[in-house]
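Note: the block below is structure25.cif and it holds mmCIF, C-alpha atoms.
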```cif
data_model
loop_
_atom_site.label_atom_id
_atom_site.label_comp_id
_atom_site.auth_asym_id
_atom_site.auth_seq_id
_atom_site.Cartn_x
_atom_site.Cartn_y
_atom_site.Cartn_z
CA MET A 3 0.00 0.00 0.00
CA LYS A 4 1.37 3.36 -0.96
CA GLU A 5 1.70 5.91 1.79
CA LYS A 6 0.12 9.29 1.08
CA GLY A 7 2.24 12.40 1.36
CA ILE A 8 1.85 14.76 4.31
CA LEU A 9 0.64 18.32 3.91
CA ILE A 10 3.09 20.47 5.88
CA VAL A 11 1.90 23.95 6.74
CA LEU A 12 4.40 26.48 8.07
CA SER A 13 2.82 29.62 9.45
CA GLY A 14 3.40 32.25 12.11
CA PRO A 15 3.07 35.96 12.71
CA SER A 16 4.10 38.42 10.05
CA GLY A 17 7.76 39.32 10.55
CA VAL A 18 8.81 36.06 12.22
CA GLY A 19 10.83 34.93 9.20
CA LYS A 20 8.61 32.31 7.54
CA GLY A 21 9.97 33.05 4.06
CA THR A 22 13.59 32.83 5.17
CA VAL A 23 13.01 29.52 6.94
CA ARG A 24 11.07 28.13 3.98
CA LYS A 25 13.94 29.01 1.61
CA ALA A 26 16.43 27.39 3.99
CA VAL A 27 14.27 24.23 4.12
CA PHE A 28 14.39 23.95 0.34
CA SER A 29 18.07 24.80 0.03
CA ARG A 30 19.03 21.64 1.97
CA PRO A 31 20.36 19.04 -0.46
CA ASP A 32 18.18 16.32 1.13
CA ALA A 33 14.92 18.31 0.92
CA THR A 34 12.26 16.00 -0.46
CA PHE A 35 9.18 18.19 -0.19
CA ALA A 36 7.23 19.56 -3.08
CA TYR A 37 6.79 23.31 -2.80
CA SER A 38 3.34 24.59 -3.56
CA ILE A 39 3.57 27.78 -5.60
CA SER A 40 1.11 30.47 -4.55
CA MET A 41 -1.23 32.37 -6.81
CA THR A 42 -1.51 36.15 -6.60
CA THR A 43 -3.12 39.13 -8.29
CA ARG A 44 -0.25 41.45 -7.51
CA LYS A 45 2.10 42.42 -10.34
CA PRO A 46 5.38 40.50 -10.70
CA ARG A 47 8.36 42.29 -9.17
CA GLU A 48 11.66 42.64 -10.99
CA GLY A 49 13.03 39.16 -11.68
CA GLU A 50 9.95 37.22 -10.58
CA VAL A 51 8.88 34.50 -12.98
CA ASP A 52 5.32 33.29 -13.53
CA GLY A 53 5.00 29.65 -12.45
CA VAL A 54 8.21 29.82 -10.42
CA ASP A 55 7.79 32.53 -7.81
CA TYR A 56 4.02 32.82 -8.17
CA PHE A 57 1.24 32.11 -10.57
CA PHE A 58 0.28 35.64 -11.56
CA LYS A 59 -3.44 36.02 -12.29
CA SER A 60 -5.88 38.81 -12.97
CA ARG A 61 -8.40 39.73 -10.31
CA GLU A 62 -11.24 38.34 -12.43
CA GLU A 63 -9.52 35.02 -12.93
CA PHE A 64 -8.67 34.72 -9.22
CA GLU A 65 -12.27 35.40 -8.21
CA ARG A 66 -13.51 32.82 -10.71
CA LEU A 67 -11.15 30.21 -9.18
CA ILE A 68 -12.42 31.07 -5.69
CA LYS A 69 -16.00 30.48 -6.86
CA GLU A 70 -15.04 27.18 -8.46
CA GLY A 71 -13.47 25.96 -5.20
CA LYS A 72 -10.04 25.76 -6.79
CA LEU A 73 -8.22 27.41 -3.88
CA LEU A 74 -7.21 25.56 -0.75
CA GLU A 75 -6.96 28.90 1.02
CA TYR A 76 -6.78 32.54 0.07
CA ALA A 77 -6.64 35.99 1.62
CA GLU A 78 -6.64 39.56 0.52
CA TYR A 79 -3.63 41.54 1.67
CA VAL A 80 -3.00 45.22 0.92
CA GLY A 81 -5.45 45.08 -1.97
CA HIS A 82 -4.18 41.86 -3.58
CA TYR A 83 -5.30 38.28 -3.44
CA TYR A 84 -2.91 35.52 -2.43
CA GLY A 85 -3.89 31.85 -2.43
CA THR A 86 -2.94 28.19 -2.84
CA PRO A 87 -4.24 26.20 -5.84
CA ILE A 88 -5.83 23.04 -4.47
CA ASP A 89 -5.36 20.62 -7.42
CA TYR A 90 -1.57 20.64 -7.27
CA VAL A 91 -1.66 19.93 -3.52
CA LYS A 92 -4.10 17.03 -3.84
CA GLU A 93 -2.31 15.41 -6.77
CA THR A 94 1.12 15.68 -5.17
CA LEU A 95 -0.06 14.19 -1.87
CA ALA A 96 -1.77 11.33 -3.71
CA SER A 97 1.51 10.59 -5.50
CA GLY A 98 3.12 10.02 -2.07
CA LYS A 99 5.13 13.23 -1.87
CA ASP A 100 4.95 15.70 1.01
CA VAL A 101 3.79 19.20 0.13
CA PHE A 102 5.18 22.22 1.94
CA LEU A 103 3.07 25.38 2.30
CA GLU A 104 4.31 28.62 3.82
CA ILE A 105 1.28 30.79 4.48
CA GLU A 106 -0.25 33.43 6.71
CA VAL A 107 -2.11 32.51 9.89
CA GLN A 108 -5.53 33.22 8.36
CA GLY A 109 -4.81 30.89 5.46
CA ALA A 110 -3.55 28.18 7.79
CA LYS A 111 -6.89 28.24 9.57
CA GLN A 112 -8.71 27.60 6.29
CA VAL A 113 -6.34 24.73 5.45
CA ARG A 114 -6.88 23.12 8.84
CA GLU A 115 -10.60 22.90 8.10
CA LYS A 116 -10.02 21.18 4.76
CA PHE A 117 -7.02 19.02 5.78
CA PRO A 118 -7.49 18.17 9.46
CA ASP A 119 -4.65 15.63 9.26
CA GLY A 120 -2.17 18.12 7.87
CA LEU A 121 0.97 18.86 9.86
CA PHE A 122 0.76 22.40 11.21
CA ILE A 123 3.89 24.14 12.41
CA PHE A 124 3.83 27.56 14.04
CA LEU A 125 7.03 29.54 13.71
CA MET A 126 7.42 31.48 16.93
CA PRO A 127 9.59 34.55 17.56
CA PRO A 128 12.02 34.02 20.46
CA SER A 129 10.35 37.03 22.14
CA LEU A 130 7.96 39.86 21.31
CA ASP A 131 10.86 42.32 21.54
CA GLU A 132 12.71 40.34 18.92
CA LEU A 133 9.65 40.30 16.65
CA LYS A 134 9.33 44.06 16.97
CA LYS A 135 12.99 44.50 16.07
CA ARG A 136 12.49 42.40 12.94
CA ILE A 137 9.42 44.33 11.83
CA VAL A 138 11.12 47.68 12.50
CA GLY A 139 14.27 46.39 10.80
CA ARG A 140 12.49 46.04 7.50
CA GLY A 141 12.46 49.84 7.52
CA THR A 142 9.35 49.98 5.37
CA GLU A 143 6.71 50.43 8.04
CA SER A 144 5.32 53.50 9.82
CA ILE A 145 5.12 53.58 13.62
CA GLU A 146 1.37 53.07 13.48
CA LEU A 147 1.73 50.10 11.18
CA ILE A 148 4.35 48.58 13.49
CA HIS A 149 1.96 48.95 16.40
CA ASN A 150 -0.85 47.29 14.43
CA ARG A 151 1.45 44.49 13.37
CA MET A 152 2.49 43.81 16.93
CA GLU A 153 -1.13 43.68 18.08
CA ALA A 154 -1.98 41.33 15.21
CA ALA A 155 1.04 39.15 16.07
CA LYS A 156 -0.09 38.81 19.69
CA LYS A 157 -3.53 37.68 18.54
CA GLU A 158 -1.93 35.20 16.14
CA ILE A 159 0.30 33.74 18.84
CA GLU A 160 -2.81 33.18 20.94
CA LEU A 161 -4.07 30.88 18.17
CA THR A 162 -1.13 28.48 18.41
CA SER A 163 -3.21 25.77 20.06
CA MET A 164 -4.55 25.05 16.57
CA TYR A 165 -1.02 23.95 15.59
CA ASP A 166 0.58 20.59 16.16
CA TYR A 167 4.07 21.98 16.69
CA ILE A 168 5.72 25.21 17.74
CA VAL A 169 9.21 25.92 16.41
CA GLU A 170 11.13 28.84 17.80
CA ASN A 171 12.93 30.81 15.13
CA ASP A 172 15.94 31.77 17.24
CA ASP A 173 18.27 30.53 14.51
CA VAL A 174 17.26 29.67 10.93
CA GLU A 175 19.31 26.48 10.53
CA ARG A 176 18.20 25.22 13.93
CA ALA A 177 14.58 25.87 12.97
CA VAL A 178 15.09 23.91 9.74
CA ASP A 179 16.60 20.99 11.69
CA LYS A 180 13.53 20.93 13.89
CA ILE A 181 11.13 21.08 10.95
CA ASN A 182 12.92 18.18 9.28
CA ALA A 183 12.83 16.15 12.50
CA ILE A 184 9.11 16.88 12.86
CA VAL A 185 8.37 15.67 9.33
CA GLN A 186 10.47 12.53 9.81
CA ALA A 187 8.68 11.83 13.10
CA GLU A 188 5.24 12.39 11.59
CA HIS A 189 5.96 9.69 9.02
CA CYS A 190 6.22 7.30 11.99
CA ARG A 191 3.02 8.47 13.77
CA SER A 192 0.99 5.34 14.36
CA GLU A 193 -2.25 6.75 13.00
CA ARG A 194 -0.47 7.44 9.69
CA VAL A 195 1.16 4.02 9.25
CA ILE A 196 -0.85 1.52 11.26
CA ASP A 197 -2.92 0.35 8.26
CA LYS A 198 0.26 -0.79 6.57
CA TYR A 199 1.17 -3.06 9.49
CA ILE A 200 -2.35 -4.39 9.96
CA LYS A 201 -2.10 -5.48 6.32
CA MET A 202 1.22 -7.17 7.08
CA LEU A 203 -0.48 -9.27 9.77
CA GLU A 204 -3.33 -10.21 7.45
CA VAL A 205 -1.09 -11.27 4.61
CA GLU A 206 1.29 -13.50 6.52
CA MET B 10 9.69 28.09 33.38
CA LYS B 11 11.62 24.87 33.25
CA GLU B 12 10.46 22.29 30.76
CA LYS B 13 9.93 18.81 32.17
CA GLY B 14 11.72 15.88 30.57
CA ILE B 15 9.86 13.41 28.38
CA LEU B 16 9.46 9.77 29.31
CA ILE B 17 10.43 7.80 26.20
CA VAL B 18 9.26 4.19 26.10
CA LEU B 19 10.69 1.86 23.47
CA SER B 20 8.89 -1.45 23.21
CA GLY B 21 7.97 -4.08 20.65
CA PRO B 22 7.68 -7.82 20.25
CA SER B 23 10.29 -10.11 21.69
CA GLY B 24 13.03 -10.68 19.09
CA VAL B 25 12.57 -7.39 17.24
CA GLY B 26 15.89 -6.00 18.49
CA LYS B 27 14.87 -3.55 21.23
CA GLY B 28 18.09 -4.08 23.19
CA THR B 29 20.32 -3.57 20.16
CA VAL B 30 18.51 -0.37 19.19
CA ARG B 31 18.61 0.93 22.75
CA LYS B 32 22.37 0.37 22.93
CA ALA B 33 22.81 2.14 19.59
CA VAL B 34 20.71 5.08 20.87
CA PHE B 35 23.04 5.50 23.83
CA SER B 36 26.23 4.97 21.87
CA ARG B 37 25.58 8.15 19.84
CA PRO B 38 27.85 10.93 21.08
CA ASP B 39 24.93 13.40 21.16
CA ALA B 40 22.62 11.15 23.22
CA THR B 41 21.11 13.24 26.01
CA PHE B 42 18.69 10.78 27.53
CA ALA B 43 18.98 9.30 30.97
CA TYR B 44 18.79 5.52 30.90
CA SER B 45 16.57 3.97 33.51
CA ILE B 46 18.25 0.85 34.91
CA SER B 47 15.88 -2.07 35.44
CA MET B 48 15.54 -4.10 38.60
CA THR B 49 15.50 -7.91 38.47
CA THR B 50 15.47 -10.97 40.68
CA ARG B 51 17.51 -13.05 38.27
CA LYS B 52 21.16 -13.75 39.10
CA PRO B 53 23.82 -11.54 37.49
CA ARG B 54 25.42 -13.08 34.40
CA GLU B 55 29.19 -13.11 33.89
CA GLY B 56 30.40 -9.51 33.74
CA GLU B 57 27.12 -7.88 34.77
CA VAL B 58 27.47 -5.21 37.42
CA ASP B 59 24.85 -4.30 40.03
CA GLY B 60 23.64 -0.72 39.47
CA VAL B 61 25.02 -0.65 35.94
CA ASP B 62 23.34 -3.47 34.00
CA TYR B 63 20.57 -4.08 36.53
CA PHE B 64 19.72 -3.55 40.13
CA PHE B 65 19.85 -7.12 41.39
CA LYS B 66 17.35 -7.80 44.19
CA SER B 67 16.05 -10.79 46.11
CA ARG B 68 12.51 -11.97 45.43
CA GLU B 69 11.39 -10.79 48.87
CA GLU B 70 12.80 -7.34 48.35
CA PHE B 71 11.25 -7.05 44.89
CA GLU B 72 7.82 -8.05 46.20
CA ARG B 73 8.09 -5.51 49.00
CA LEU B 74 8.86 -2.78 46.46
CA ILE B 75 5.82 -3.82 44.39
CA LYS B 76 3.60 -3.50 47.47
CA GLU B 77 5.07 -0.10 48.30
CA GLY B 78 4.27 1.16 44.79
CA LYS B 79 7.95 1.71 44.03
CA LEU B 80 7.79 0.15 40.55
CA LEU B 81 6.58 2.01 37.50
CA GLU B 82 5.99 -1.35 35.82
CA TYR B 83 7.01 -4.94 36.38
CA ALA B 84 6.49 -8.39 34.94
CA GLU B 85 7.44 -11.93 35.71
CA TYR B 86 9.34 -13.63 32.91
CA VAL B 87 10.58 -17.23 33.03
CA GLY B 88 10.34 -17.25 36.81
CA HIS B 89 12.07 -13.91 37.44
CA TYR B 90 10.79 -10.42 38.12
CA TYR B 91 11.85 -7.49 35.98
CA GLY B 92 10.74 -3.94 36.68
CA THR B 93 11.44 -0.20 36.55
CA PRO B 94 12.04 1.74 39.79
CA ILE B 95 9.68 4.72 39.74
CA ASP B 96 11.59 7.25 41.89
CA TYR B 97 14.53 7.56 39.51
CA VAL B 98 12.17 8.17 36.59
CA LYS B 99 10.16 10.84 38.39
CA GLU B 100 13.20 12.69 39.74
CA THR B 101 15.01 12.68 36.41
CA LEU B 102 11.97 13.96 34.49
CA ALA B 103 11.45 16.71 37.08
CA SER B 104 15.09 17.80 36.58
CA GLY B 105 14.27 18.42 32.90
CA LYS B 106 16.02 15.40 31.44
CA ASP B 107 14.38 12.84 29.15
CA VAL B 108 14.28 9.28 30.44
CA PHE B 109 14.58 6.33 28.09
CA LEU B 110 12.95 3.00 28.92
CA GLU B 111 13.32 -0.17 26.88
CA ILE B 112 10.69 -2.61 28.08
CA GLU B 113 8.36 -5.45 27.12
CA VAL B 114 4.91 -4.76 25.69
CA GLN B 115 3.14 -5.72 28.93
CA GLY B 116 5.26 -3.28 30.90
CA ALA B 117 4.64 -0.51 28.36
CA LYS B 118 0.91 -0.91 28.93
CA GLN B 119 1.36 -0.34 32.65
CA VAL B 120 3.52 2.74 32.02
CA ARG B 121 0.92 4.21 29.66
CA GLU B 122 -1.63 4.12 32.47
CA LYS B 123 0.68 5.98 34.87
CA PHE B 124 2.29 8.34 32.33
CA PRO B 125 -0.34 9.06 29.68
CA ASP B 126 1.82 11.85 28.24
CA GLY B 127 4.85 9.62 27.80
CA LEU B 128 6.22 9.10 24.30
CA PHE B 129 5.54 5.52 23.24
CA ILE B 130 7.50 4.04 20.36
CA PHE B 131 6.77 0.59 18.98
CA LEU B 132 9.71 -1.10 17.29
CA MET B 133 8.27 -3.09 14.40
CA PRO B 134 9.91 -5.95 12.51
CA PRO B 135 10.08 -5.28 8.74
CA SER B 136 8.00 -8.46 8.31
CA LEU B 137 6.83 -11.47 10.30
CA ASP B 138 9.23 -13.66 8.32
CA GLU B 139 12.09 -11.47 9.38
CA LEU B 140 10.99 -11.62 13.03
CA LYS B 141 10.87 -15.40 12.86
CA LYS B 142 14.37 -15.48 11.40
CA ARG B 143 15.65 -13.36 14.27
CA ILE B 144 14.02 -15.51 16.93
CA VAL B 145 15.29 -18.71 15.27
CA GLY B 146 18.69 -17.08 14.84
CA ARG B 147 19.18 -16.82 18.57
CA GLY B 148 19.48 -20.59 18.46
CA THR B 149 18.27 -20.92 22.02
CA GLU B 150 14.61 -21.68 21.43
CA SER B 151 12.74 -24.92 20.72
CA ILE B 152 10.34 -25.15 17.79
CA GLU B 153 7.36 -24.99 20.11
CA LEU B 154 8.74 -21.93 21.85
CA ILE B 155 9.35 -20.27 18.48
CA HIS B 156 5.73 -20.92 17.53
CA ASN B 157 4.50 -19.46 20.83
CA ARG B 158 6.74 -16.45 20.42
CA MET B 159 5.40 -15.79 16.95
CA GLU B 160 1.79 -16.00 18.16
CA ALA B 161 2.61 -13.65 21.05
CA ALA B 162 4.33 -11.26 18.64
CA LYS B 163 1.25 -11.11 16.41
CA LYS B 164 -0.91 -10.25 19.40
CA GLU B 165 1.58 -7.58 20.47
CA ILE B 166 1.64 -6.02 17.04
CA GLU B 167 -2.14 -5.78 17.20
CA LEU B 168 -1.71 -3.52 20.24
CA THR B 169 0.29 -0.88 18.38
CA SER B 170 -2.59 1.58 18.38
CA MET B 171 -1.64 2.28 22.00
CA TYR B 172 1.67 3.69 20.74
CA ASP B 173 2.33 7.18 19.43
CA TYR B 174 4.91 6.08 16.89
CA ILE B 175 5.89 2.98 14.96
CA VAL B 176 9.53 2.64 13.94
CA GLU B 177 10.49 -0.15 11.59
CA ASN B 178 13.69 -1.89 12.61
CA ASP B 179 14.91 -2.63 9.09
CA ASP B 180 18.29 -1.11 9.94
CA VAL B 181 19.54 -0.25 13.44
CA GLU B 182 21.14 3.11 12.62
CA ARG B 183 18.11 4.19 10.61
CA ALA B 184 15.85 3.24 13.51
CA VAL B 185 18.02 5.32 15.87
CA ASP B 186 17.80 8.30 13.49
CA LYS B 187 14.04 8.04 13.55
CA ILE B 188 13.87 7.75 17.33
CA ASN B 189 16.06 10.82 17.70
CA ALA B 190 13.89 12.76 15.23
CA ILE B 191 10.77 11.70 17.13
CA VAL B 192 12.17 12.94 20.44
CA GLN B 193 13.30 16.25 18.90
CA ALA B 194 9.86 16.69 17.34
CA GLU B 195 8.04 15.87 20.57
CA HIS B 196 9.91 18.69 22.29
CA CYS B 197 8.16 21.01 19.81
CA ARG B 198 4.62 19.51 20.27
CA SER B 199 2.38 22.45 21.07
CA GLU B 200 0.72 20.78 24.06
CA ARG B 201 4.18 20.37 25.62
CA VAL B 202 5.44 23.93 25.10
CA ILE B 203 2.40 26.20 24.75
CA ASP B 204 2.43 27.28 28.41
CA LYS B 205 5.87 28.76 27.93
CA TYR B 206 4.66 30.98 25.09
CA ILE B 207 1.44 31.99 26.83
CA LYS B 208 3.71 33.22 29.63
CA MET B 209 5.76 35.17 27.10
CA LEU B 210 2.62 37.04 26.01
CA GLU B 211 1.61 37.79 29.58
CA VAL B 212 5.01 39.13 30.59
CA GLU B 213 5.63 41.50 27.70
#
```

Now, as a test, write the supplied structure out as structure tokens.
Amino acid sequence: MKEKGILIVLSGPSGVGKGTVRKAVFSRPDATFAYSISMTTRKPREGEVDGVDYFFKSREEFERLIKEGKLLEYAEYVGHYYGTPIDYVKETLASGKDVFLEIEVQGAKQVREKFPDGLFIFLMPPSLDELKKRIVGRGTESIELIHNRMEAAKKEIELTSMYDYIVENDDVERAVDKINAIVQAEHCRSERVIDKYIKMLEVE
Amino acid sequence: MKEKGILIVLSGPSGVGKGTVRKAVFSRPDATFAYSISMTTRKPREGEVDGVDYFFKSREEFERLIKEGKLLEYAEYVGHYYGTPIDYVKETLASGKDVFLEIEVQGAKQVREKFPDGLFIFLMPPSLDELKKRIVGRGTESIELIHNRMEAAKKEIELTSMYDYIVENDDVERAVDKINAIVQAEHCRSERVIDKYIKMLEVE
């Protein structure tokens, strides 16, 4: 019997470093996950390639896909849609490969409803001070926006009980080690593999 | 707030190689677990040291300790008692260190009742044929005993739903890698660490 892949969802408050950790996960030579490319209605930035960085879509097209149930999750952010096409995720999991999603907290909530047996990892800042430093460090945000972000982050951290695991992002490589250990462990969770061994008893 | 250690229980059918895997776990230079030494009423074998390999006790003493509730689990096996002293386990976990137990399936059941939040790993033979080979390979068992062992093993494998994880012992070093990943992952399980982060939100 072929084992299905695991849907791995990495989320966490804005500013915690999800993108950096995700890139580090995929830069490991032994990374075996499939990366689900997001869909967006925002314009490509310099150097971004359609189908590599994002699937770039018009607003009309995106809204049509929402209506047709073709998005696993989506959100509107600063006037643009961002979302995850569902077909790719389903097909890849069925083929036995793990799929890795890096998404916002709101999106993760939607995914949890559709994939209750997904593997949900919350990336946690080592402290709120540290999170503030990282948001300020981007240098692109006004003081008011920073305040709003921090309030939003606190609310998001309160939602961590929805997640299976919490990984502290004190150090990127250490966080990647933990994520890899979590995925390896999940492939040994009895509820995921027990059917295989029950079959072994029946056969012999 | 200090994190408590995790009680790790490695079990599986007789002949699967629990002892070999346990030794390999502790022979890794980065092993951080405390090993809980078992207590027994059998005589020491050549080279075995009291307090290192086992705590060797008289039958009377062992039975007194059972009555006093000083054993986390125990079983009688070919006329001798084997058991795990509970105080060492409790004190070591309280100090923040993980404790590693390698015990029979019956003992694991008793531990589950007393430590529901322990981490239970079932070591699984790659196949029943392979298990039979290993039992026969010991060369110490009669054909009838081999048959009984195999029947017992099948029953034990049916109990795997009690375990959190199933690790296939197809290769000792690979099994150790998986056990280490499982322990690392468990230290990130949200139910184990969420209190720490709730505190972080309250403080700041």

Name the residues that the PyMOL selection byres ((chain A) within 8 of (chain B)) pulls out of this structure, and write them as a PyMOL selection string.
chain A and resi 129-130+156+160+162-163+165-169+180-181+183-184+186-188+190-193+195-196+200+202-203+206

Determine the residue set returned by the PyMOL selection byres ((chain B and resi 56-64) around 10) for the present structure, and present it as a list of chain:residue names.
B:Ser45, B:Ile46, B:Ser47, B:Met48, B:Thr49, B:Thr50, B:Arg51, B:Lys52, B:Pro53, B:Arg54, B:Glu55, B:Phe65, B:Lys66, B:Tyr91, B:Gly92, B:Thr93, B:Pro94

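One finds CA of Val80 in chain A at 19.8 Å from CA of Arg136 in chain A.
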
So what does the PyMOL selection byres ((chain B and resi 79) around 12) actually pick up in this one, as a list in words?
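Selected by the PyMOL selection byres ((chain B and resi 79) around 12) here: Met48, Glu70, Phe71, Glu72, Arg73, Leu74, Ile75, Lys76, Glu77, Gly78, Leu80, Leu81, Glu82, Tyr83, Gly92, Thr93, Pro94, Ile95, Asp96, Tyr97, Val98 and Lys99 of chain B.
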
Expressed in Å to a single decimal, how great is the separation between CA of Leu16 in chain B and CA of Lys118 in chain B?
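It comes out at 13.7 Å.
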
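Rounded to one decimal, CA of Tyr79 in chain A and CA of Pro15 in chain A lie 14.1 Å from each other.
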
I want to know what sits within 12 Å of Lys32 in chain B, based on all atoms listed in the file, with residues of the same chain fewer than 2 positions away left out; could you give that as an mmCIF file with C-alpha atoms, in the frame of the given file?
```cif
data_model
loop_
_atom_site.group_PDB
_atom_site.id
_atom_site.type_symbol
_atom_site.label_atom_id
_atom_site.label_comp_id
_atom_site.auth_asym_id
_atom_site.auth_seq_id
_atom_site.Cartn_x
_atom_site.Cartn_y
_atom_site.Cartn_z
ATOM 1 C CA LEU B 19 10.690 1.860 23.470
ATOM 2 C CA GLY B 26 15.890 -6.000 18.490
ATOM 3 C CA LYS B 27 14.870 -3.550 21.230
ATOM 4 C CA GLY B 28 18.090 -4.080 23.190
ATOM 5 C CA THR B 29 20.320 -3.570 20.160
ATOM 6 C CA VAL B 30 18.510 -0.370 19.190
ATOM 7 C CA VAL B 34 20.710 5.080 20.870
ATOM 8 C CA PHE B 35 23.040 5.500 23.830
ATOM 9 C CA SER B 36 26.230 4.970 21.870
ATOM 10 C CA ARG B 37 25.580 8.150 19.840
ATOM 11 C CA ALA B 40 22.620 11.150 23.220
ATOM 12 C CA PHE B 42 18.690 10.780 27.530
ATOM 13 C CA TYR B 44 18.790 5.520 30.900
ATOM 14 C CA ASP B 62 23.340 -3.470 34.000
ATOM 15 C CA PHE B 109 14.580 6.330 28.090
ATOM 16 C CA LEU B 110 12.950 3.000 28.920
ATOM 17 C CA GLU B 111 13.320 -0.170 26.880
ATOM 18 C CA VAL B 181 19.540 -0.250 13.440
ATOM 19 C CA GLU B 182 21.140 3.110 12.620
ATOM 20 C CA ALA B 184 15.850 3.240 13.510
ATOM 21 C CA VAL B 185 18.020 5.320 15.870
#
```

Long-range neighbours of Ala161 in chain B as a PyMOL selection string, 12 Å cut-off, only C-alpha atoms, 6 positions minimum in chain:
chain B and resi 21-24+113-115+137+140-141+154-155+167-168

Residues from the last selection, C-alpha atoms, saved as a tab-separated table (two decimals), in the coordinates of the input:
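Saved file result_38.tsv follows:
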```tsv
chain	number	residue	atom	x	y	z
B	21	GLY	CA	7.97	-4.08	20.65
B	22	PRO	CA	7.68	-7.82	20.25
B	23	SER	CA	10.29	-10.11	21.69
B	24	GLY	CA	13.03	-10.68	19.09
B	113	GLU	CA	8.36	-5.45	27.12
B	114	VAL	CA	4.91	-4.76	25.69
B	115	GLN	CA	3.14	-5.72	28.93
B	137	LEU	CA	6.83	-11.47	10.30
B	140	LEU	CA	10.99	-11.62	13.03
B	141	LYS	CA	10.87	-15.40	12.86
B	154	LEU	CA	8.74	-21.93	21.85
B	155	ILE	CA	9.35	-20.27	18.48
B	167	GLU	CA	-2.14	-5.78	17.20
B	168	LEU	CA	-1.71	-3.52	20.24
```

Emit a file covering range 121-125 of chain B of the preceding structure with all heavy atoms, as a tab-separated table (two decimals), in the first residue's frame.
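See result-v2.tsv below for the written result:
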```
chain	number	residue	atom	x	y	z
B	121	ARG	N	1.87	3.32	30.33
B	121	ARG	CA	0.92	4.21	29.66
B	121	ARG	C	-0.16	4.67	30.64
B	121	ARG	O	-0.60	5.82	30.61
B	121	ARG	CB	0.30	3.49	28.47
B	121	ARG	CG	-0.63	4.34	27.63
B	121	ARG	CD	0.01	5.60	27.11
B	121	ARG	NE	-0.05	5.74	25.66
B	121	ARG	CZ	0.40	6.79	24.99
B	121	ARG	NH1	0.98	7.80	25.60
B	121	ARG	NH2	0.33	6.83	23.69
B	122	GLU	N	-0.59	3.75	31.51
B	122	GLU	CA	-1.63	4.12	32.47
B	122	GLU	C	-1.14	5.16	33.47
B	122	GLU	O	-1.88	6.05	33.86
B	122	GLU	CB	-2.12	2.86	33.21
B	122	GLU	CG	-3.08	2.05	32.34
B	122	GLU	CD	-3.13	0.58	32.72
B	122	GLU	OE1	-2.79	0.23	33.87
B	122	GLU	OE2	-3.52	-0.24	31.85
B	123	LYS	N	0.15	5.05	33.86
B	123	LYS	CA	0.68	5.98	34.87
B	123	LYS	C	1.24	7.26	34.25
B	123	LYS	O	1.28	8.30	34.90
B	123	LYS	CB	1.77	5.27	35.68
B	123	LYS	CG	1.16	4.23	36.62
B	123	LYS	CD	2.22	3.50	37.43
B	123	LYS	CE	1.59	2.34	38.17
B	123	LYS	NZ	2.55	1.28	38.50
B	124	PHE	N	1.73	7.17	33.02
B	124	PHE	CA	2.29	8.34	32.33
B	124	PHE	C	1.62	8.52	30.97
B	124	PHE	O	2.24	8.24	29.94
B	124	PHE	CB	3.80	8.20	32.12
B	124	PHE	CG	4.63	8.47	33.33
B	124	PHE	CD1	4.87	7.47	34.26
B	124	PHE	CD2	5.17	9.73	33.56
B	124	PHE	CE1	5.62	7.71	35.40
B	124	PHE	CE2	5.92	9.98	34.69
B	124	PHE	CZ	6.16	8.97	35.61
B	125	PRO	N	0.36	8.96	30.96
B	125	PRO	CA	-0.34	9.06	29.68
B	125	PRO	C	0.36	9.99	28.68
B	125	PRO	O	0.21	9.82	27.48
B	125	PRO	CB	-1.72	9.59	30.06
B	125	PRO	CG	-1.62	10.07	31.47
B	125	PRO	CD	-0.48	9.35	32.10
```
